[in-house]
Structures are given as structure tokens and as C-alpha cells.
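**Student:** Quick one, input_31.cif (mmCIF, C-alpha atoms; chains and numbers go by the auth columns):
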```
data_structure
loop_
_atom_site.group_PDB
_atom_site.id
_atom_site.type_symbol
_atom_site.label_atom_id
_atom_site.label_comp_id
_atom_site.label_asym_id
_atom_site.label_seq_id
_atom_site.Cartn_x
_atom_site.Cartn_y
_atom_site.Cartn_z
_atom_site.B_iso_or_equiv
_atom_site.auth_seq_id
_atom_site.auth_asym_id
ATOM 1 C CA MET A 1 24.576 8.639 4.261 0.00 1 A
ATOM 2 C CA GLY A 2 21.276 7.238 5.494 0.00 2 A
ATOM 3 C CA GLN A 3 21.033 6.399 9.193 0.00 3 A
ATOM 4 C CA LYS A 4 18.562 3.529 9.464 0.00 4 A
ATOM 5 C CA THR A 5 17.099 2.065 12.655 0.00 5 A
ATOM 6 C CA HIS A 6 14.613 -0.733 13.304 0.00 6 A
ATOM 7 C CA PRO A 7 11.080 0.667 13.799 0.00 7 A
ATOM 8 C CA TYR A 8 10.423 -1.685 16.734 0.00 8 A
ATOM 9 C CA GLY A 9 13.759 -1.292 18.533 0.00 9 A
ATOM 10 C CA PHE A 10 13.532 2.484 18.106 0.00 10 A
ATOM 11 C CA ARG A 11 10.335 2.491 20.224 0.00 11 A
ATOM 12 C CA LEU A 12 11.350 -0.037 22.890 0.00 12 A
ATOM 13 C CA GLY A 13 10.554 1.278 26.340 0.00 13 A
ATOM 14 C CA VAL A 14 8.492 4.142 24.892 0.00 14 A
ATOM 15 C CA ILE A 15 5.363 2.526 23.428 0.00 15 A
ATOM 16 C CA LYS A 16 6.658 -0.993 22.685 0.00 16 A
ATOM 17 C CA PRO A 17 7.420 -3.784 25.212 0.00 17 A
ATOM 18 C CA TRP A 18 10.250 -6.313 24.994 0.00 18 A
ATOM 19 C CA LYS A 19 9.439 -9.535 23.130 0.00 19 A
ATOM 20 C CA SER A 20 11.608 -11.577 25.494 0.00 20 A
ATOM 21 C CA LYS A 21 10.508 -10.755 29.032 0.00 21 A
ATOM 22 C CA TRP A 22 13.160 -11.817 31.508 0.00 22 A
ATOM 23 C CA TYR A 23 16.288 -10.585 33.247 0.00 23 A
ATOM 24 C CA GLU A 24 19.373 -12.622 34.105 0.00 24 A
ATOM 25 C CA ASP A 25 23.004 -11.886 34.994 0.00 25 A
ATOM 26 C CA ARG A 26 24.875 -15.194 35.007 0.00 26 A
ATOM 27 C CA ASN A 27 22.928 -17.228 32.423 0.00 27 A
ATOM 28 C CA TYR A 28 22.224 -14.360 30.023 0.00 28 A
ATOM 29 C CA ALA A 29 24.102 -15.843 27.032 0.00 29 A
ATOM 30 C CA THR A 30 22.593 -19.308 27.601 0.00 30 A
ATOM 31 C CA TRP A 31 19.027 -17.999 27.802 0.00 31 A
ATOM 32 C CA LEU A 32 19.534 -15.700 24.823 0.00 32 A
ATOM 33 C CA HIS A 33 20.688 -18.552 22.579 0.00 33 A
ATOM 34 C CA GLN A 34 17.841 -20.727 23.868 0.00 34 A
ATOM 35 C CA ASP A 35 15.364 -18.018 22.871 0.00 35 A
ATOM 36 C CA LEU A 36 16.848 -17.803 19.392 0.00 36 A
ATOM 37 C CA LYS A 37 16.813 -21.591 19.005 0.00 37 A
ATOM 38 C CA LEU A 38 13.193 -21.837 20.204 0.00 38 A
ATOM 39 C CA LYS A 39 12.029 -19.190 17.721 0.00 39 A
ATOM 40 C CA GLU A 40 14.017 -20.737 14.871 0.00 40 A
ATOM 41 C CA THR A 41 12.556 -24.194 15.552 0.00 41 A
ATOM 42 C CA ILE A 42 8.969 -22.900 15.667 0.00 42 A
ATOM 43 C CA LYS A 43 9.305 -20.891 12.450 0.00 43 A
ATOM 44 C CA LYS A 44 10.953 -23.803 10.639 0.00 44 A
ATOM 45 C CA LYS A 45 8.375 -26.358 11.813 0.00 45 A
ATOM 46 C CA PHE A 46 5.356 -24.143 11.057 0.00 46 A
ATOM 47 C CA ALA A 47 6.538 -22.014 8.139 0.00 47 A
ATOM 48 C CA HIS A 48 3.103 -22.423 6.522 0.00 48 A
ATOM 49 C CA ALA A 49 1.068 -21.630 9.671 0.00 49 A
ATOM 50 C CA GLY A 50 1.092 -17.843 9.277 0.00 50 A
ATOM 51 C CA ILE A 51 3.196 -17.039 12.356 0.00 51 A
ATOM 52 C CA ALA A 52 3.142 -13.293 12.983 0.00 52 A
ATOM 53 C CA ASP A 53 5.221 -13.081 16.162 0.00 53 A
ATOM 54 C CA ILE A 54 6.733 -15.105 19.022 0.00 54 A
ATOM 55 C CA GLU A 55 7.147 -13.891 22.603 0.00 55 A
ATOM 56 C CA ILE A 56 9.043 -15.630 25.407 0.00 56 A
ATOM 57 C CA GLU A 57 8.532 -15.083 29.139 0.00 57 A
ATOM 58 C CA ARG A 58 10.754 -16.567 31.837 0.00 58 A
ATOM 59 C CA ALA A 59 10.200 -16.791 35.574 0.00 59 A
ATOM 60 C CA ALA A 60 12.603 -18.805 37.750 0.00 60 A
ATOM 61 C CA SER A 61 12.611 -22.314 36.220 0.00 61 A
ATOM 62 C CA LYS A 62 9.654 -21.843 33.867 0.00 62 A
ATOM 63 C CA VAL A 63 9.472 -20.739 30.231 0.00 63 A
ATOM 64 C CA LYS A 64 6.301 -19.572 28.489 0.00 64 A
ATOM 65 C CA VAL A 65 6.299 -19.360 24.689 0.00 65 A
ATOM 66 C CA VAL A 66 3.469 -17.284 23.184 0.00 66 A
ATOM 67 C CA ILE A 67 2.890 -17.839 19.450 0.00 67 A
ATOM 68 C CA TYR A 68 0.786 -15.336 17.500 0.00 68 A
ATOM 69 C CA THR A 69 -0.594 -16.914 14.326 0.00 69 A
ATOM 70 C CA SER A 70 -3.363 -16.322 11.818 0.00 70 A
ATOM 71 C CA ARG A 71 -3.897 -20.105 11.465 0.00 71 A
ATOM 72 C CA PRO A 72 -3.995 -21.525 15.003 0.00 72 A
ATOM 73 C CA GLY A 73 -5.704 -24.734 13.885 0.00 73 A
ATOM 74 C CA ILE A 74 -2.596 -25.865 11.993 0.00 74 A
ATOM 75 C CA ILE A 75 -0.429 -25.617 15.117 0.00 75 A
ATOM 76 C CA ILE A 76 -2.993 -26.964 17.583 0.00 76 A
ATOM 77 C CA GLY A 77 -3.883 -29.985 15.425 0.00 77 A
ATOM 78 C CA LYS A 78 -6.623 -32.524 16.118 0.00 78 A
ATOM 79 C CA ARG A 79 -7.648 -32.429 19.786 0.00 79 A
ATOM 80 C CA GLY A 80 -4.489 -30.506 20.663 0.00 80 A
ATOM 81 C CA ALA A 81 -2.094 -33.200 19.418 0.00 81 A
ATOM 82 C CA GLY A 82 -0.063 -30.715 17.383 0.00 82 A
ATOM 83 C CA VAL A 83 0.613 -28.301 20.215 0.00 83 A
ATOM 84 C CA GLU A 84 1.542 -31.173 22.569 0.00 84 A
ATOM 85 C CA GLN A 85 4.057 -32.485 20.032 0.00 85 A
ATOM 86 C CA LEU A 86 5.448 -28.974 19.637 0.00 86 A
ATOM 87 C CA ARG A 87 5.815 -28.604 23.404 0.00 87 A
ATOM 88 C CA THR A 88 7.658 -31.936 23.558 0.00 88 A
ATOM 89 C CA ASP A 89 10.058 -30.868 20.778 0.00 89 A
ATOM 90 C CA LEU A 90 10.741 -27.479 22.371 0.00 90 A
ATOM 91 C CA GLN A 91 11.246 -29.008 25.821 0.00 91 A
ATOM 92 C CA LYS A 92 14.353 -30.761 24.471 0.00 92 A
ATOM 93 C CA LEU A 93 15.960 -27.353 23.857 0.00 93 A
ATOM 94 C CA THR A 94 15.721 -26.099 27.447 0.00 94 A
ATOM 95 C CA GLU A 95 16.079 -27.511 30.955 0.00 95 A
ATOM 96 C CA SER A 96 13.309 -25.255 32.302 0.00 96 A
ATOM 97 C CA GLU A 97 9.667 -26.345 32.409 0.00 97 A
ATOM 98 C CA LEU A 98 8.079 -25.135 29.155 0.00 98 A
ATOM 99 C CA PHE A 99 4.540 -23.990 28.372 0.00 99 A
ATOM 100 C CA VAL A 100 3.107 -23.109 24.929 0.00 100 A
ATOM 101 C CA ASP A 101 0.315 -20.576 24.417 0.00 101 A
ATOM 102 C CA ILE A 102 -1.330 -20.045 21.000 0.00 102 A
ATOM 103 C CA GLN A 103 -2.887 -16.640 20.270 0.00 103 A
ATOM 104 C CA GLU A 104 -4.892 -15.958 17.113 0.00 104 A
ATOM 105 C CA VAL A 105 -4.138 -12.896 14.947 0.00 105 A
ATOM 106 C CA ARG A 106 -7.598 -11.824 13.823 0.00 106 A
ATOM 107 C CA LYS A 107 -6.729 -9.253 11.140 0.00 107 A
ATOM 108 C CA ALA A 108 -3.792 -10.740 9.255 0.00 108 A
ATOM 109 C CA GLU A 109 -4.196 -8.037 6.564 0.00 109 A
ATOM 110 C CA THR A 110 -3.040 -5.397 9.092 0.00 110 A
ATOM 111 C CA ASN A 111 -0.076 -7.372 10.475 0.00 111 A
ATOM 112 C CA ALA A 112 3.159 -6.293 8.784 0.00 112 A
ATOM 113 C CA GLN A 113 4.873 -9.690 9.021 0.00 113 A
ATOM 114 C CA ARG A 114 1.883 -11.521 7.560 0.00 114 A
ATOM 115 C CA VAL A 115 1.546 -8.948 4.761 0.00 115 A
ATOM 116 C CA ALA A 116 5.246 -9.357 3.884 0.00 116 A
ATOM 117 C CA GLU A 117 4.909 -13.153 3.784 0.00 117 A
ATOM 118 C CA SER A 118 1.763 -12.891 1.673 0.00 118 A
ATOM 119 C CA ILE A 119 3.521 -10.703 -0.910 0.00 119 A
ATOM 120 C CA ALA A 120 6.517 -13.064 -0.955 0.00 120 A
ATOM 121 C CA THR A 121 4.244 -16.063 -1.540 0.00 121 A
ATOM 122 C CA GLN A 122 2.609 -14.305 -4.489 0.00 122 A
ATOM 123 C CA LEU A 123 5.970 -13.437 -6.027 0.00 123 A
ATOM 124 C CA GLU A 124 7.077 -17.079 -5.708 0.00 124 A
ATOM 125 C CA ARG A 125 3.922 -18.033 -7.618 0.00 125 A
ATOM 126 C CA ARG A 126 5.005 -15.636 -10.397 0.00 126 A
ATOM 127 C CA VAL A 127 2.323 -13.016 -9.753 0.00 127 A
ATOM 128 C CA ALA A 128 3.253 -9.583 -11.158 0.00 128 A
ATOM 129 C CA PHE A 129 5.084 -7.729 -8.372 0.00 129 A
ATOM 130 C CA ARG A 130 3.283 -4.400 -8.931 0.00 130 A
ATOM 131 C CA ARG A 131 -0.065 -6.127 -8.655 0.00 131 A
ATOM 132 C CA ALA A 132 0.962 -7.915 -5.433 0.00 132 A
ATOM 133 C CA LEU A 133 2.286 -4.732 -3.812 0.00 133 A
ATOM 134 C CA LYS A 134 -0.707 -2.575 -4.774 0.00 134 A
ATOM 135 C CA LYS A 135 -3.159 -5.231 -3.626 0.00 135 A
ATOM 136 C CA ALA A 136 -1.457 -5.454 -0.205 0.00 136 A
ATOM 137 C CA VAL A 137 -1.610 -1.664 0.175 0.00 137 A
ATOM 138 C CA SER A 138 -5.270 -1.348 -0.826 0.00 138 A
ATOM 139 C CA THR A 139 -6.355 -4.300 1.337 0.00 139 A
ATOM 140 C CA ALA A 140 -4.638 -2.940 4.447 0.00 140 A
ATOM 141 C CA MET A 141 -6.205 0.496 3.954 0.00 141 A
ATOM 142 C CA LYS A 142 -9.667 -1.100 3.660 0.00 142 A
ATOM 143 C CA PHE A 143 -9.133 -2.689 7.088 0.00 143 A
ATOM 144 C CA GLY A 144 -8.664 0.728 8.659 0.00 144 A
ATOM 145 C CA VAL A 145 -4.917 1.290 9.072 0.00 145 A
ATOM 146 C CA LYS A 146 -3.679 4.901 9.057 0.00 146 A
ATOM 147 C CA GLY A 147 -0.948 4.262 6.501 0.00 147 A
ATOM 148 C CA ILE A 148 1.170 1.558 4.874 0.00 148 A
ATOM 149 C CA ARG A 149 4.399 1.387 2.906 0.00 149 A
ATOM 150 C CA VAL A 150 5.670 -1.701 1.072 0.00 150 A
ATOM 151 C CA ASN A 151 9.107 -2.117 -0.472 0.00 151 A
ATOM 152 C CA ALA A 152 10.409 -4.865 -2.765 0.00 152 A
ATOM 153 C CA GLY A 153 14.058 -5.163 -3.791 0.00 153 A
ATOM 154 C CA GLY A 154 15.748 -7.669 -6.086 0.00 154 A
ATOM 155 C CA ARG A 155 15.378 -8.987 -9.642 0.00 155 A
ATOM 156 C CA LEU A 156 11.793 -7.798 -9.922 0.00 156 A
ATOM 157 C CA GLY A 157 9.926 -9.415 -12.804 0.00 157 A
ATOM 158 C CA GLY A 158 13.019 -11.506 -13.623 0.00 158 A
ATOM 159 C CA ALA A 159 14.980 -8.429 -14.771 0.00 159 A
ATOM 160 C CA GLU A 160 18.734 -8.761 -15.299 0.00 160 A
ATOM 161 C CA ILE A 161 19.522 -5.790 -13.064 0.00 161 A
ATOM 162 C CA SER A 162 18.086 -5.750 -9.569 0.00 162 A
ATOM 163 C CA ARG A 163 16.200 -2.711 -8.370 0.00 163 A
ATOM 164 C CA SER A 164 13.751 -1.720 -5.669 0.00 164 A
ATOM 165 C CA GLU A 165 10.231 -0.320 -5.897 0.00 165 A
ATOM 166 C CA TRP A 166 7.900 0.874 -3.182 0.00 166 A
ATOM 167 C CA TYR A 167 4.329 2.035 -2.748 0.00 167 A
ATOM 168 C CA ARG A 168 2.838 4.077 0.058 0.00 168 A
ATOM 169 C CA GLU A 169 -0.646 5.180 1.004 0.00 169 A
ATOM 170 C CA GLY A 170 -1.629 7.255 4.032 0.00 170 A
ATOM 171 C CA ARG A 171 0.832 8.439 6.698 0.00 171 A
ATOM 172 C CA VAL A 172 3.878 6.446 7.863 0.00 172 A
ATOM 173 C CA PRO A 173 5.729 8.742 10.340 0.00 173 A
ATOM 174 C CA LEU A 174 8.886 6.712 11.088 0.00 174 A
ATOM 175 C CA HIS A 175 10.532 9.477 13.154 0.00 175 A
ATOM 176 C CA THR A 176 7.618 9.901 15.574 0.00 176 A
ATOM 177 C CA LEU A 177 8.227 7.824 18.708 0.00 177 A
ATOM 178 C CA ARG A 178 4.568 7.747 19.747 0.00 178 A
ATOM 179 C CA ALA A 179 3.547 6.413 16.298 0.00 179 A
ATOM 180 C CA ASP A 180 2.589 2.730 16.463 0.00 180 A
ATOM 181 C CA ILE A 181 4.556 1.345 13.504 0.00 181 A
ATOM 182 C CA ASP A 182 4.272 -2.379 12.805 0.00 182 A
ATOM 183 C CA TYR A 183 7.245 -3.639 10.772 0.00 183 A
ATOM 184 C CA GLY A 184 7.789 -6.931 8.977 0.00 184 A
ATOM 185 C CA GLU A 185 10.216 -8.368 6.444 0.00 185 A
ATOM 186 C CA TYR A 186 10.485 -11.564 4.435 0.00 186 A
ATOM 187 C CA VAL A 187 12.542 -13.003 1.568 0.00 187 A
ATOM 188 C CA ALA A 188 10.807 -14.391 -1.528 0.00 188 A
ATOM 189 C CA LYS A 189 12.800 -17.135 -3.241 0.00 189 A
ATOM 190 C CA THR A 190 11.910 -16.726 -6.918 0.00 190 A
ATOM 191 C CA LYS A 191 13.446 -18.507 -9.904 0.00 191 A
ATOM 192 C CA ALA A 192 15.370 -15.358 -10.850 0.00 192 A
ATOM 193 C CA GLY A 193 16.780 -14.938 -7.339 0.00 193 A
ATOM 194 C CA THR A 194 15.785 -13.669 -3.919 0.00 194 A
ATOM 195 C CA VAL A 195 13.513 -10.635 -3.512 0.00 195 A
ATOM 196 C CA GLY A 196 13.414 -8.848 -0.167 0.00 196 A
ATOM 197 C CA ILE A 197 10.041 -7.571 1.056 0.00 197 A
ATOM 198 C CA LYS A 198 9.674 -4.898 3.747 0.00 198 A
ATOM 199 C CA VAL A 199 6.376 -3.624 5.150 0.00 199 A
ATOM 200 C CA TRP A 200 5.643 -0.687 7.463 0.00 200 A
ATOM 201 C CA ILE A 201 2.080 -0.246 8.810 0.00 201 A
ATOM 202 C CA PHE A 202 1.012 2.824 10.801 0.00 202 A
ATOM 203 C CA LYS A 203 -1.841 1.981 13.199 0.00 203 A
ATOM 204 C CA GLY A 204 -2.203 5.317 14.979 0.00 204 A
ATOM 205 C CA GLU A 205 -0.505 7.146 17.834 0.00 205 A
ATOM 206 C CA GLN A 206 -0.089 5.932 21.412 0.00 206 A
ATOM 207 C CA SER A 207 0.763 7.778 24.608 0.00 207 A
ATOM 208 C CA PRO A 208 4.234 6.882 25.954 0.00 208 A
ATOM 209 C CA VAL A 209 4.248 4.507 28.923 0.00 209 A
ATOM 210 C CA ARG A 210 4.768 6.545 32.100 0.00 210 A
ATOM 211 C CA ARG A 211 6.105 4.988 35.290 0.00 211 A
ATOM 212 C CA ALA A 212 5.155 6.212 38.714 0.00 212 A
ATOM 213 C CA PRO A 213 7.999 7.737 40.792 0.00 213 A
ATOM 214 C CA GLY A 214 9.957 4.972 42.486 0.00 214 A
ATOM 215 C CA ALA A 215 8.395 2.212 40.406 0.00 215 A
ATOM 216 C CA PRO A 216 10.779 -0.500 39.108 0.00 216 A
ATOM 217 C CA PRO A 217 11.809 -0.298 35.422 0.00 217 A
ATOM 218 C CA ALA A 218 10.028 -2.369 32.797 0.00 218 A
ATOM 219 C CA ALA A 219 11.134 -5.985 32.381 0.00 219 A
ATOM 220 C CA ARG A 220 14.386 -6.081 30.440 0.00 220 A
ATOM 221 C CA ARG A 221 15.909 -8.761 28.330 0.00 221 A
#
```
Starting from the file, lay out its structure as C-alpha cells.

**Tutor:**
Amino acid sequence: MGQKTHPYGFRLGVIKPWKSKWYEDRNYATWLHQDLKLKETIKKKFAHAGIADIEIERAASKVKVVIYTSRPGIIIGKRGAGVEQLRTDLQKLTESELFVDIQEVRKAETNAQRVAESIATQLERRVAFRRALKKAVSTAMKFGVKGIRVNAGGRLGGAEISRSEWYREGRVPLHTLRADIDYGEYVAKTKAGTVGIKVWIFKGEQSPVRRAPGAPPAARR
């Protein structure tokens, strides 16, 4: 029986930080659901903007939403009108003062989430799945990653029986805690049915974060 764990959660507190940086006792459930609603709204509104990740930071009565995207111009809009409208829409979901920060992802070909979405988009356009997977692998390796693995599961090529296929190049050490593994997943909605895409990208090894004796623990969710 396979024991699976999320590559990011497995490394939390070792080489990976929390994506929601705040701590609260009484309003934990309220803030948690606000975070989920904020992320859902952003992804739904800008599904075509190449969003790679969303981080949320809270301090007292302020909320900072950091959006990592490969197409910042789509979110920012003309003279910043888009980001102002987004801030107004998100402000309705929380009572705290909200700020929006847009960060550009320079190498989208080495970001697991963007690679997964790119493969899914190709499958929806009826591109041969083997071609899409192999192209994603070769492109990522050209940009200097240490290793990549892509997995597609579903009615591949419109087949009657669903199956899964995967390709790997380089090293992808999932059991090594100091290995910087970027993970992303996306669902392609094809005419034959849904196809799940998973991508693991190994970017090298990092030294675990060491705290000085007596130092407070890292910010927890």
C-alpha cells in the first residue's frame, strides 16, 4: 500500500516556509476560511493570467495578498486599474485592511504549477498527450532544472479505458527533505473526460533552516 505525502507539506519547517503567514487562537477558523475564499476568488477571476502561487500575510488588522504570476500585465491592467479593482473585490471578503502585491514569475517553464497548466491547456486543444508531456520535460531541462517528472492520468487520447503515463528526466528525490521539490497539479477538461496532470520539479538541494537557541519558532498558520 503506497504511503503518499504532499511534497510541499513534507518539507514545511525544514526548507519550505508557510504560504499563509499568521498565527491566531480565537479567530483561526474565520481567518482560514477567508484565506481559502481569497485564493479561490483570485484564481477564478484570473484563470488565464498564469497564476503560479498565492501567499497571504496577516498582521493585526492588515492583510497582504502576494500573487505570483507569469503574466502580471493582465492582473495590473491599464495604469493599475485591474489591480485596484481586484483589491476592491477582495476587500469585500474581509474586514481587515487589504493590500495586493503582484510578483512576476520569470521562468514559467521551471514552475511546476505553470507547467501543469500548460500541459492541461495543450490537452484541451487536442494536442497528442505524449508530445505535450515530452515537450514539457525537455523544455524544463533546457532551463537548468536538476530533474522533472510529469504524470497524466485519465482517458488519454480519448481511450475508452483510463490509464496513467509518466515521463521523467534527471533526478527527482522525493524522500530527501533537503531536496527543493516544486510540485503542481491541474485538471484538463477534455471532450473525453477529465485528465489529471501532476508535475514534480527538482531544483537542487538546500540546507535546512536552523534557528538560534532561544529564538522564536517560525511563523505558523

**Student:** Within 9 Å of Arg71 in chain A, counting only C-alpha atoms, which residues qualify if same-chain residues fewer than 5 places away don't, as a count of residues only?

**Tutor:** 6

**Student:** Please measure the separation of CA of Val115 in chain A and CA of Val100 in chain A, giving the value in Å to one decimal.

**Tutor:** 24.7 Å

**Student:** Restricting the calculation to all atoms listed in the file: of A:Glu165, A:Glu57, A:Glu185, A:Asp180, which residue gets closest to Ile119 in chain A?

**Tutor:**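 Smallest separation from Ile119 in chain A among the options: A:Glu185.
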
**Student:** Residues near Glu84 in chain A, anyone? I mean within 12 Å using all atoms listed in the file, not counting same-chain ones fewer than 4 positions away, as a VMD selection string.

**Tutor:** chain A and resid 75 to 80 88 to 91 98 to 102

**Student:** Please produce an output containing C-alpha atoms for each residue in the selection, written as a compact mmCIF listing (two decimals), in the coordinates of the input.

**Tutor:**
```txt
# COMPACT_ATOMS: atom_id res chain seq x y z
CA ILE A 75 -0.43 -25.62 15.12
CA ILE A 76 -2.99 -26.96 17.58
CA GLY A 77 -3.88 -29.98 15.42
CA LYS A 78 -6.62 -32.52 16.12
CA ARG A 79 -7.65 -32.43 19.79
CA GLY A 80 -4.49 -30.51 20.66
CA THR A 88 7.66 -31.94 23.56
CA ASP A 89 10.06 -30.87 20.78
CA LEU A 90 10.74 -27.48 22.37
CA GLN A 91 11.25 -29.01 25.82
CA LEU A 98 8.08 -25.14 29.16
CA PHE A 99 4.54 -23.99 28.37
CA VAL A 100 3.11 -23.11 24.93
CA ASP A 101 0.32 -20.58 24.42
CA ILE A 102 -1.33 -20.05 21.00
```

**Student:** I'd like the contact shell of Ile201 in chain A - 9 Å cut-off, all atoms listed in the file, skipping same-chain residues fewer than 2 positions apart - returned as a list in words.

**Tutor:**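 The contact residues come out as Thr110, Asn111, Ala112, Ala140, Val145, Lys146, Gly147, Ile148, Arg149, Val150, Val172, Asp180, Ile181, Asp182, Tyr183, Gly184, Val199 and Lys203 of chain A.
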
**Student:** Just so the selection is clear, what residues does the PyMOL selection byres ((chain A and resi 192) around 7) cover here, as a PyMOL selection string?

**Tutor:** chain A and resi 155+158+190-191+193

**Student:** Do you have the CA of Asp53 in chain A-CA of Tyr68 in chain A distance handy?

**Tutor:**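 Separation of CA of Asp53 in chain A and CA of Tyr68 in chain A: 5.2 Å.
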
**Student:** So which residues touch Val14 in chain A within 10 Å, counting all atoms listed in the file, skipping near sequence neighbours fewer than 3 positions away, as a VMD selection string?

**Tutor:** chain A and resid 9 to 11 17 177 to 178 206 to 210

**Student:** Just C-alpha atoms for this one: save the residues we selected as an mmCIF file, in the frame of the given file.

**Tutor:**
```cif
data_model
loop_
_atom_site.group_PDB
_atom_site.id
_atom_site.type_symbol
_atom_site.label_atom_id
_atom_site.label_comp_id
_atom_site.auth_asym_id
_atom_site.auth_seq_id
_atom_site.Cartn_x
_atom_site.Cartn_y
_atom_site.Cartn_z
ATOM 1 C CA GLY A 9 13.759 -1.292 18.533
ATOM 2 C CA PHE A 10 13.532 2.484 18.106
ATOM 3 C CA ARG A 11 10.335 2.491 20.224
ATOM 4 C CA PRO A 17 7.420 -3.784 25.212
ATOM 5 C CA LEU A 177 8.227 7.824 18.708
ATOM 6 C CA ARG A 178 4.568 7.747 19.747
ATOM 7 C CA GLN A 206 -0.089 5.932 21.412
ATOM 8 C CA SER A 207 0.763 7.778 24.608
ATOM 9 C CA PRO A 208 4.234 6.882 25.954
ATOM 10 C CA VAL A 209 4.248 4.507 28.923
ATOM 11 C CA ARG A 210 4.768 6.545 32.100
#
```

**Student:** Would you kindly return, as an MDAnalysis selection string, each protein, DNA or RNA residue with an atom no farther than 9 Å from any atom of Ser118 in chain A, considering all atoms listed in the file and excluding same-chain residues fewer than 5 positions away?

**Tutor:** chainID A and resid 113 123 132 136

**Student:** For the residues selected in the previous step, produce a file with C-alpha atoms as a PDB file, in the coordinates of the input.

**Tutor:**
```pdb
ATOM      1  CA  GLN A 113       4.873  -9.690   9.021  1.00  0.00           C
ATOM      2  CA  LEU A 123       5.970 -13.437  -6.027  1.00  0.00           C
ATOM      3  CA  ALA A 132       0.962  -7.915  -5.433  1.00  0.00           C
ATOM      4  CA  ALA A 136      -1.457  -5.454  -0.205  1.00  0.00           C
TER       5      ALA A 136
END
```

**Student:** Provide the CA of Pro7 in chain A to CA of Lys142 in chain A distance in Å, to one decimal place.

**Tutor:**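 Separation between CA of Pro7 in chain A and CA of Lys142 in chain A: 23.2 Å.
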
**Student:** Would you place a box with edges along x, y and z of the file around all atoms of range 126-132 of chain A listed there, add 3 Å to each of its six sides, and report the centre and edge lengths in Å to one decimal, as JSON?

**Tutor:**
```
{"center_x": 2.5, "center_y": -10.0, "center_z": -8.3, "size_x": 11.1, "size_y": 17.2, "size_z": 11.7}
```

**Student:** Here's the selection I'm unsure about, the PyMOL selection byres ((chain A and resi 62) around 6); applied to the file above, which residues does it give, as JSON, numbers by chain?

**Tutor:** {"A": [58, 59, 60, 61, 63, 96, 97, 98]}

**Student:** Save out the residues we just selected, C-alpha atoms, as a short mmCIF file (atom, residue, chain, number, x, y, z; two decimals), keeping the file's coordinate frame.

**Tutor:**
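Writing done, so here's selection.cif:
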```cif
data_model
loop_
_atom_site.label_atom_id
_atom_site.label_comp_id
_atom_site.auth_asym_id
_atom_site.auth_seq_id
_atom_site.Cartn_x
_atom_site.Cartn_y
_atom_site.Cartn_z
CA ARG A 58 10.75 -16.57 31.84
CA ALA A 59 10.20 -16.79 35.57
CA ALA A 60 12.60 -18.80 37.75
CA SER A 61 12.61 -22.31 36.22
CA VAL A 63 9.47 -20.74 30.23
CA SER A 96 13.31 -25.26 32.30
CA GLU A 97 9.67 -26.34 32.41
CA LEU A 98 8.08 -25.14 29.16
#
```

**Student:** Out of A:Ile67, A:Leu38, A:Lys189, A:Lys21, which residue has the shortest atom-to-atom distance to Arg125 in chain A when counting all atoms listed in the file?

**Tutor:**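 Nearest to Arg125 in chain A: A:Lys189.
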
**Student:** Which residue out of A:Gln122, A:Lys39, A:Glu55, A:Val66 has the minimum interatomic distance to Lys19 in chain A when all atoms listed in the file are used?

**Tutor:**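 Selected residue with least distance to Lys19 in chain A: A:Glu55.
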
**Student:** Of the residues A:Lys37, A:Arg163, A:Lys44, A:Arg130, which is the one nearest to Ile56 in chain A, using all atoms listed in the file?

**Tutor:**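 Counting all atoms listed in the file, the residue closest to Ile56 in chain A is A:Lys37.
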
**Student:** Could you list the residues chosen by the PyMOL selection byres ((chain A and resi 196) around 6) in this structure as a list in words?

**Tutor:**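 Selected by the PyMOL selection byres ((chain A and resi 196) around 6) here: Ala152, Gly153, Val187, Val195 and Ile197 of chain A.
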
**Student:** Taking only C-alpha atoms into account, which of A:Gln34, A:Glu169, A:Gly157, A:Thr194 comes nearest Gly144 in chain A?

**Tutor:** A:Glu169
